[in-house]
file final_27.cif (mmCIF, C-alpha atoms)
data_final
#
loop_
_atom_site.group_PDB
_atom_site.id
_atom_site.type_symbol
_atom_site.label_atom_id
_atom_site.label_comp_id
_atom_site.auth_asym_id
_atom_site.auth_seq_id
_atom_site.Cartn_x
_atom_site.Cartn_y
_atom_site.Cartn_z
ATOM 1 C CA MET A 1 -13.700 -14.636 2.096
ATOM 2 C CA LYS A 2 -14.054 -11.368 4.059
ATOM 3 C CA LYS A 3 -10.400 -11.620 5.092
ATOM 4 C CA TYR A 4 -9.296 -11.171 1.492
ATOM 5 C CA LYS A 5 -11.593 -8.208 0.757
ATOM 6 C CA LEU A 6 -9.364 -5.589 2.410
ATOM 7 C CA SER A 7 -6.219 -6.997 0.796
ATOM 8 C CA SER A 8 -7.928 -6.961 -2.585
ATOM 9 C CA LEU A 9 -8.967 -3.351 -2.085
ATOM 10 C CA PHE A 10 -5.374 -2.381 -1.279
ATOM 11 C CA LEU A 11 -4.081 -4.180 -4.361
ATOM 12 C CA VAL A 12 -6.657 -2.562 -6.640
ATOM 13 C CA LEU A 13 -5.948 0.835 -5.102
ATOM 14 C CA THR A 14 -2.199 0.362 -5.489
ATOM 15 C CA LEU A 15 -2.526 -0.540 -9.145
ATOM 16 C CA THR A 16 -4.997 2.294 -9.760
ATOM 17 C CA ILE A 17 -2.763 4.835 -8.083
ATOM 18 C CA THR A 18 0.365 3.719 -9.900
ATOM 19 C CA SER A 19 -1.392 4.092 -13.229
ATOM 20 C CA LEU A 20 -2.896 7.476 -12.345
ATOM 21 C CA PHE A 21 0.252 8.962 -10.863
ATOM 22 C CA SER A 22 2.374 7.917 -13.815
ATOM 23 C CA ASN A 23 5.033 10.542 -13.086
ATOM 24 C CA LEU A 24 5.410 9.337 -9.487
ATOM 25 C CA SER A 25 8.946 8.412 -8.587
ATOM 26 C CA PHE A 26 9.048 5.062 -6.804
ATOM 27 C CA SER A 27 12.620 5.413 -5.623
ATOM 28 C CA HIS A 28 11.670 4.935 -1.963
ATOM 29 C CA ALA A 29 8.754 2.574 -2.413
ATOM 30 C CA TYR A 30 10.380 -0.389 -4.069
ATOM 31 C CA ASN A 31 12.535 -2.997 -2.459
ATOM 32 C CA LYS A 32 14.240 -4.439 -5.491
ATOM 33 C CA ASN A 33 14.128 -4.361 -9.238
ATOM 34 C CA GLN A 34 15.076 -7.567 -11.023
ATOM 35 C CA GLY A 35 14.783 -6.807 -14.701
ATOM 36 C CA SER A 36 11.120 -7.336 -15.439
ATOM 37 C CA LYS A 37 10.090 -7.820 -11.791
ATOM 38 C CA THR A 38 9.672 -5.021 -9.250
ATOM 39 C CA THR A 39 8.577 -5.577 -5.660
ATOM 40 C CA PHE A 40 6.838 -2.717 -3.880
ATOM 41 C CA ASN A 41 6.222 -2.350 -0.170
ATOM 42 C CA GLU A 42 2.512 -1.528 -0.144
ATOM 43 C CA TYR A 43 2.677 0.757 2.916
ATOM 44 C CA GLU A 44 5.664 2.698 1.551
ATOM 45 C CA LEU A 45 3.848 3.053 -1.767
ATOM 46 C CA LEU A 46 0.713 4.426 -0.081
ATOM 47 C CA LYS A 47 2.873 6.789 1.974
ATOM 48 C CA GLN A 48 4.581 8.089 -1.146
ATOM 49 C CA VAL A 49 1.269 8.484 -2.982
ATOM 50 C CA ASN A 50 -0.033 10.455 0.029
ATOM 51 C CA GLN A 51 2.990 12.762 -0.177
ATOM 52 C CA GLU A 52 2.489 13.275 -3.922
ATOM 53 C CA TYR A 53 -1.240 13.826 -3.427
ATOM 54 C CA THR A 54 -0.598 16.395 -0.683
ATOM 55 C CA LYS A 55 2.086 18.158 -2.721
ATOM 56 C CA SER A 56 -0.105 18.239 -5.837
ATOM 57 C CA ASN A 57 -3.121 19.351 -3.838
ATOM 58 C CA LYS A 58 -1.181 22.301 -2.414
ATOM 59 C CA LYS A 59 -0.143 23.303 -5.921
ATOM 60 C CA GLN A 60 -3.720 22.732 -7.102
ATOM 61 C CA SER A 61 -2.342 21.228 -10.267
ATOM 62 C CA LEU A 62 -4.560 20.408 -13.212
ATOM 63 C CA ASN A 63 -3.160 16.877 -13.293
ATOM 64 C CA LEU A 64 -4.369 16.303 -9.750
ATOM 65 C CA SER A 65 -7.936 17.340 -10.520
ATOM 66 C CA ASN A 66 -7.984 14.900 -13.449
ATOM 67 C CA THR A 67 -6.540 12.156 -11.249
ATOM 68 C CA VAL A 68 -8.939 12.834 -8.371
ATOM 69 C CA ASN A 69 -11.874 12.653 -10.778
ATOM 70 C CA ASN A 70 -10.822 9.069 -11.543
ATOM 71 C CA LEU A 71 -10.651 8.030 -7.871
ATOM 72 C CA SER A 72 -13.572 7.088 -5.687
ATOM 73 C CA GLU A 73 -14.181 8.803 -2.340
ATOM 74 C CA LYS A 74 -13.049 5.607 -0.634
ATOM 75 C CA GLU A 75 -9.746 5.636 -2.546
ATOM 76 C CA ILE A 76 -9.122 9.317 -1.773
ATOM 77 C CA ASP A 77 -9.896 8.672 1.895
ATOM 78 C CA MET A 78 -7.416 5.790 1.870
ATOM 79 C CA ILE A 79 -4.720 8.065 0.411
ATOM 80 C CA VAL A 80 -5.373 10.895 2.862
ATOM 81 C CA ASN A 81 -5.634 8.595 5.903
ATOM 82 C CA TYR A 82 -3.150 5.989 4.678
ATOM 83 C CA ARG A 83 -1.464 5.395 8.034
ATOM 84 C CA GLU A 84 -4.678 4.852 9.981
ATOM 85 C CA THR A 85 -6.139 2.713 7.197
ATOM 86 C CA TYR A 86 -3.040 0.548 6.959
ATOM 87 C CA SER A 87 -2.756 0.236 10.735
ATOM 88 C CA ASN A 88 -6.342 -1.030 10.817
ATOM 89 C CA LYS A 89 -5.442 -3.600 8.156
ATOM 90 C CA ILE A 90 -2.503 -4.868 10.251
ATOM 91 C CA TYR A 91 -4.619 -4.998 13.431
ATOM 92 C CA LYS A 92 -7.131 -7.181 11.548
ATOM 93 C CA LEU A 93 -4.320 -9.394 10.236
ATOM 94 C CA LYS A 94 -3.039 -9.738 13.805
ATOM 95 C CA GLU A 95 -6.168 -11.810 14.536
ATOM 96 C CA TRP A 96 -5.339 -14.325 11.798
ATOM 97 C CA LYS A 97 -3.634 -17.611 12.568
ATOM 98 C CA ILE A 98 -0.010 -17.958 11.496
ATOM 99 C CA GLU A 99 -1.002 -20.663 9.027
ATOM 100 C CA GLU A 100 -3.507 -18.310 7.379
ATOM 101 C CA LEU A 101 -0.885 -15.584 7.012
ATOM 102 C CA GLU A 102 1.569 -18.082 5.520
ATOM 103 C CA ALA A 103 -1.105 -19.344 3.135
ATOM 104 C CA VAL A 104 -1.562 -15.888 1.610
ATOM 105 C CA GLY A 105 2.179 -15.355 1.201
ATOM 106 C CA TYR A 106 3.426 -13.507 4.278
ATOM 107 C CA ASN A 107 7.008 -14.411 5.210
ATOM 108 C CA ASN A 108 8.300 -15.011 8.760
ATOM 109 C CA GLU A 109 9.535 -11.417 9.192
ATOM 110 C CA GLN A 110 6.157 -10.022 8.141
ATOM 111 C CA ILE A 111 4.263 -12.463 10.351
ATOM 112 C CA ASN A 112 6.407 -11.524 13.343
ATOM 113 C CA ALA A 113 5.773 -7.825 12.661
ATOM 114 C CA ILE A 114 2.022 -8.464 12.324
ATOM 115 C CA LYS A 115 1.794 -10.528 15.508
ATOM 116 C CA THR A 116 3.802 -7.944 17.510
ATOM 117 C CA PHE A 117 2.246 -4.912 15.803
ATOM 118 C CA ASP A 118 2.219 -1.845 18.049
ATOM 119 C CA GLY A 119 1.255 0.861 15.550
ATOM 120 C CA SER A 120 4.812 2.083 15.008
ATOM 121 C CA GLU A 121 6.129 3.188 11.620
ATOM 122 C CA GLU A 122 8.807 0.476 11.768
ATOM 123 C CA LYS A 123 6.234 -2.283 12.282
ATOM 124 C CA LEU A 124 4.008 -0.848 9.538
ATOM 125 C CA VAL A 125 6.857 -1.147 7.043
ATOM 126 C CA LEU A 126 7.885 -4.623 8.212
ATOM 127 C CA ALA A 127 4.319 -5.978 8.258
ATOM 128 C CA SER A 128 3.412 -4.486 4.897
ATOM 129 C CA THR A 129 2.257 -6.583 1.989
ATOM 130 C CA LEU A 130 4.805 -6.858 -0.785
ATOM 131 C CA VAL A 131 3.358 -6.289 -4.252
ATOM 132 C CA LEU A 132 5.191 -7.913 -7.156
ATOM 133 C CA ILE A 133 4.703 -6.230 -10.512
ATOM 134 C CA LEU A 134 5.839 -8.088 -13.600
ATOM 135 C CA THR A 135 6.505 -6.158 -16.772
ATOM 136 C CA MET A 136 6.889 -7.674 -20.189
#

call {"tool": "encode", "arguments": {"input": "final_27.cif", "output": "structure tokens"}}
result
Amino acid sequence: MKKYKLSSLFLVLTLTITSLFSNLSFSHAYNKNQGSKTTFNEYELLKQVNQEYTKSNKKQSLNLSNTVNNLSEKEIDMIVNYRETYSNKIYKLKEWKIEELEAVGYNNEQINAIKTFDGSEEKLVLASTLVLILTM
């Protein structure tokens, strides 16, 4: 059960962030848009949210202060330290058996990236969880 806790936190954070940063452009964070289905690379999404957060923070925008008020300290820390946080997630996944990774939906390319994870940006993107958002 503990194995799913970190993944659940990332999913909740991703959904929270996407709703709070409603004007965020996801042009670099999504892999494909198929009508009512959009697949996001979770790491790329966190990276983009970090960039928006940093940009907004420098401008000290009013929208940011409202958004930050809705985020917990843990969520803000995850945004600020997204790369370290996500690397830690992948290092923990590296300990999982291949069958466990397959059971929670990782594909062969992701599993290979997880098992050979070296902390590089390329491996972070390849090993990242894909989040499917369905719109009606």

call {"tool": "resolve_selection", "arguments": {"input": "final_27.cif", "expression": "the PyMOL selection byres ((chain A and resi 112-120) around 8)", "output": "PDB file with C-alpha atoms, keeping the file's coordinate frame"}}
result
ATOM      1  CA  SER A  87      -2.756   0.236  10.735  1.00  0.00           C
ATOM      2  CA  ILE A  90      -2.503  -4.868  10.251  1.00  0.00           C
ATOM      3  CA  TYR A  91      -4.619  -4.998  13.431  1.00  0.00           C
ATOM      4  CA  LEU A  93      -4.320  -9.394  10.236  1.00  0.00           C
ATOM      5  CA  LYS A  94      -3.039  -9.738  13.805  1.00  0.00           C
ATOM      6  CA  ASN A 108       8.300 -15.011   8.760  1.00  0.00           C
ATOM      7  CA  GLU A 109       9.535 -11.417   9.192  1.00  0.00           C
ATOM      8  CA  GLN A 110       6.157 -10.022   8.141  1.00  0.00           C
ATOM      9  CA  ILE A 111       4.263 -12.463  10.351  1.00  0.00           C
ATOM     10  CA  GLU A 121       6.129   3.188  11.620  1.00  0.00           C
ATOM     11  CA  GLU A 122       8.807   0.476  11.768  1.00  0.00           C
ATOM     12  CA  LYS A 123       6.234  -2.283  12.282  1.00  0.00           C
ATOM     13  CA  LEU A 124       4.008  -0.848   9.538  1.00  0.00           C
ATOM     14  CA  LEU A 126       7.885  -4.623   8.212  1.00  0.00           C
ATOM     15  CA  ALA A 127       4.319  -5.978   8.258  1.00  0.00           C
TER      16      ALA A 127
END

call {"tool": "atom_distance", "arguments": {"input": "final_27.cif", "atom1": "atom CA of Arg83 of chain A", "atom2": "atom CA of Lys37 of chain A"}}
result
26.5 Å

call {"tool": "atom_distance", "arguments": {"input": "final_27.cif", "atom1": "atom CA of Thr39 of chain A", "atom2": "atom CA of Tyr82 of chain A"}}
result
19.4 Å

call {"tool": "atom_distance", "arguments": {"input": "final_27.cif", "atom1": "atom CA of Asn70 of chain A", "atom2": "atom CA of Lys47 of chain A"}}
result
19.4 Å

call {"tool": "resolve_selection", "arguments": {"input": "final_27.cif", "expression": "the PyMOL selection byres ((chain A and resi 41) around 6)", "output": "ChimeraX atom specification"}}
result
/A:29,40,42-44,130

call {"tool": "axis_aligned_box", "arguments": {"input": "final_27.cif", "around": "segment 85-99 of chain A", "padding_each_side": "5 Å", "output": "AutoDock Vina command-line options"}}
result
--center_x -3.6 --center_y -9.0 --center_z 10.7 --size_x 17.1 --size_y 33.4 --size_z 17.6
